[in-house]
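Asks: Here it is, the structure in full.
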Amino acid sequence: MSLTASSPAEIAGTLAGQTPTVGVEEEFLLLDAGTWHNAPVADAARDALAPAVREQTRVEFRRSMMEMVTPVCTSLPKLREHLTVNRAAAATAAQAAGAQLVAVAATPVAEPDRTVEDTPRFHAISRHYGPIAHDPALCGCHIHVGVADPEVAVQVCNHLRPWLPLVQAMTANSVYHAGADTHHASWRSIQLERWPSLAPAPYLNSVAHYERTVAELVGSGVMLDDSMVLWWVRPSKRYPTVEIRVADVCPTAADAVLVAGLARALVGTVLEDIAAGRPAVRPPEHLLRAAHWNAAHQGLAGTLMDLRGRRAVPAWDMVDLLADTVAPALRRHGDHTLVTAELARLRAEGTGADRQRRAGDLPAAMRKLADLTVRA
């Protein structure tokens, strides 16, 4: 139900003048520090969590994964504080369970135990999707930005679609698979293409159009049920937010804060577009999919598609374009100084994929990521 009887444009105008809330869900791998195989010890790790952060964890699909979530935040410094505390607590708990917590987005070597956590829901997914559900574990970073009106949330998702390949490239952090360099920056993104409902979100006109589309996909068998809306961006089913799901789990809490700040500023920017009646850029679906594949392949090391002009440009030109586009919203939210500094750091250090490759080999890369995972 909408906040008022006003039109989506009027509601968007009201929301654009506010600072949206933000929250982050992070998934981590539990790895054996000797072999770097996945370690199926999530239950023991969750049990070992300090009581103060136990409510910030969730049961994940695979027994080698650990998920930590932040509370709803209004400022990026507070978000960074929660992320840092969550990561430190999870790493300590993982060590107590005999594993290393690593912010890496794809299984780097192997996952000998591919059983799912013992819940009716996870077993139903396993039966429905078969071997796809038992591919090696993957870890993402999901960013929630507060958009309280459902009709506006649908429109926000439409406007965000052309920017999401850039978010994907900036967060690429999954180089290795089966012990070797895949020559992709985000192997997680490539592997997820086997899931039929993991894709760019379709362009949707309204909440009714969203509900009709989901019902059709459930009826087709592609989605097990309406909770399997796994698009790269979606109106959240559980919260009054827009959820951006395209990012790999970030190497550091600072990287996650950067992406969350940019995501919030993007939402603030497109709310102004919606309020002003400016239509969303609507690239052809084949080009949108191609832009995502290329972002997963290259990260920020090559070119990315500018979907507004339908042309390839240097990746960092797209980063600069994003920074310029959202600068007014960043200033309005009080985030401009922090995000500008973090962008400079990202330019100097590179993506998670760049940092993995600079480490030299897989064991060195995993040791580096394990250190970055808990770096304040």
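Each chain in the structure tokens gets a letter, A, B and so on, in the order shown; residues start at 1 in every chain, and ligands are counted from 1 in the order they appear.
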Can you tell me, as a list in words, what residues are no more than 9 Å from Pro202 in chain A when counting only C-alpha atoms, ignoring any on the same chain fewer than 4 positions away?

Replies: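 So the residues in contact are Asn158, Arg161, Tyr210, Thr213, Trp231 and Glu285 of chain A.
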
Asks: Could you build a table of the residues in range 6-43 of chain A lying no more than 8 Å from range 135-139 of chain A, giving for each the nearest pair of atoms and their separation in Å rounded to one decimal place, using only C-alpha atoms, ordered by chain and ascending residue number, as CSV?

Replies:
residue,atom,partner,partner_atom,distance
A:Glu26,CA,A:Cys139,CA,7.6
A:Glu27,CA,A:Cys139,CA,4.8
A:Phe28,CA,A:Cys139,CA,5.8
A:Leu29,CA,A:Cys139,CA,7.0

Asks: Extract, using only C-alpha atoms, all DNA, RNA and protein residues at most 10 Å from range 35-49 of chain A, discarding same-chain residues fewer than 6 positions from it, and format them as a count of residues only.

Replies: 47

Asks: Looking only at strand (DSSP E or B) from DSSP on the backbone, list the matching residues of range 172-295 of chain A as a ChimeraX atom specification.

Replies: /A:174,176-177,180-181,186,233-235,241-248

Asks: Check the smallest atom-to-atom distance from each of A:Ile274, A:Cys250, A:Leu230, A:Leu164 to Glu193 in chain A using only C-alpha atoms, then report the winner.

Replies: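 Of the candidates, the smallest distance to Glu193 in chain A is held by A:Leu230.
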
Asks: Hey, what's within 9 Å of Arg87 in chain A if we count only C-alpha atoms and toss same-chain stuff fewer than 6 positions away? As a PDB file with N, CA, C and O atoms, in the first residue's frame, please?

Replies:
ATOM      1  N   MET A  68      26.260 -12.448   7.523  1.00  0.00           N
ATOM      2  CA  MET A  68      26.133 -11.451   8.578  1.00  0.00           C
ATOM      3  C   MET A  68      25.384 -10.257   8.001  1.00  0.00           C
ATOM      4  O   MET A  68      25.619  -9.852   6.860  1.00  0.00           O
ATOM      5  N   LEU A 101      37.500 -17.399   7.980  1.00  0.00           N
ATOM      6  CA  LEU A 101      36.476 -16.608   7.319  1.00  0.00           C
ATOM      7  C   LEU A 101      37.146 -15.790   6.215  1.00  0.00           C
ATOM      8  O   LEU A 101      38.092 -15.046   6.481  1.00  0.00           O
ATOM      9  N   ALA A 253      35.483  -4.103   4.755  1.00  0.00           N
ATOM     10  CA  ALA A 253      34.304  -3.338   5.167  1.00  0.00           C
ATOM     11  C   ALA A 253      34.265  -1.992   4.464  1.00  0.00           C
ATOM     12  O   ALA A 253      33.200  -1.497   4.097  1.00  0.00           O
ATOM     13  N   THR A 373      39.544  -9.247   5.087  1.00  0.00           N
ATOM     14  CA  THR A 373      38.194  -9.453   5.576  1.00  0.00           C
ATOM     15  C   THR A 373      37.975  -8.757   6.917  1.00  0.00           C
ATOM     16  O   THR A 373      36.885  -8.208   7.175  1.00  0.00           O
ATOM     17  N   VAL A 374      38.958  -8.785   7.773  1.00  0.00           N
ATOM     18  CA  VAL A 374      38.803  -8.230   9.123  1.00  0.00           C
ATOM     19  C   VAL A 374      39.581  -6.935   9.312  1.00  0.00           C
ATOM     20  O   VAL A 374      39.673  -6.417  10.434  1.00  0.00           O
ATOM     21  N   ARG A 375      40.115  -6.390   8.242  1.00  0.00           N
ATOM     22  CA  ARG A 375      40.884  -5.145   8.377  1.00  0.00           C
ATOM     23  C   ARG A 375      39.931  -3.997   8.662  1.00  0.00           C
ATOM     24  O   ARG A 375      38.960  -3.780   7.940  1.00  0.00           O
TER      25      ARG A 375
END

Asks: May I have a table of the residues of range 100-205 of chain A lying at most 12 Å from range 338-347 of chain A, giving each one's closest pair of atoms and their distance in Å to one decimal, counting only C-alpha atoms, ordered by chain and ascending residue number, as JSON lines?

Replies:
{"residue": "A:Ala169", "atom": "CA", "partner": "A:Leu346", "partner_atom": "CA", "distance": 11.9}
{"residue": "A:Met170", "atom": "CA", "partner": "A:Leu346", "partner_atom": "CA", "distance": 8.5}
{"residue": "A:Thr171", "atom": "CA", "partner": "A:Leu346", "partner_atom": "CA", "distance": 10.0}
{"residue": "A:Ala172", "atom": "CA", "partner": "A:Leu346", "partner_atom": "CA", "distance": 11.9}

Asks: Output N, CA, C and O atoms for every residue in the selection just made, as a PDB file, in the first residue's frame.

Replies:
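Just written: part.pdb:
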ATOM      1  N   ALA A 169      31.119  -4.525 -11.811  1.00  0.00           N
ATOM      2  CA  ALA A 169      32.542  -4.437 -12.140  1.00  0.00           C
ATOM      3  C   ALA A 169      33.351  -3.919 -10.956  1.00  0.00           C
ATOM      4  O   ALA A 169      34.452  -4.405 -10.672  1.00  0.00           O
ATOM      5  N   MET A 170      32.812  -2.930 -10.247  1.00  0.00           N
ATOM      6  CA  MET A 170      33.533  -2.336  -9.127  1.00  0.00           C
ATOM      7  C   MET A 170      33.725  -3.315  -7.978  1.00  0.00           C
ATOM      8  O   MET A 170      34.680  -3.188  -7.200  1.00  0.00           O
ATOM      9  N   THR A 171      32.834  -4.289  -7.849  1.00  0.00           N
ATOM     10  CA  THR A 171      32.876  -5.222  -6.718  1.00  0.00           C
ATOM     11  C   THR A 171      33.416  -6.599  -7.109  1.00  0.00           C
ATOM     12  O   THR A 171      33.399  -7.519  -6.276  1.00  0.00           O
ATOM     13  N   ALA A 172      33.902  -6.763  -8.330  1.00  0.00           N
ATOM     14  CA  ALA A 172      34.359  -8.081  -8.795  1.00  0.00           C
ATOM     15  C   ALA A 172      35.429  -8.630  -7.853  1.00  0.00           C
ATOM     16  O   ALA A 172      36.474  -8.005  -7.648  1.00  0.00           O
TER      17      ALA A 172
END

Asks: Set the distance at 10 Å and use only C-alpha atoms: which residues neighbour range 306-316 of chain A once local chain neighbours fewer than 2 positions away are removed? I'd like the list as a PyMOL selection string.

Replies: chain A and resi 161-163+165-166+169-170+280-284+287-288+291+295+298-304+318-322+347
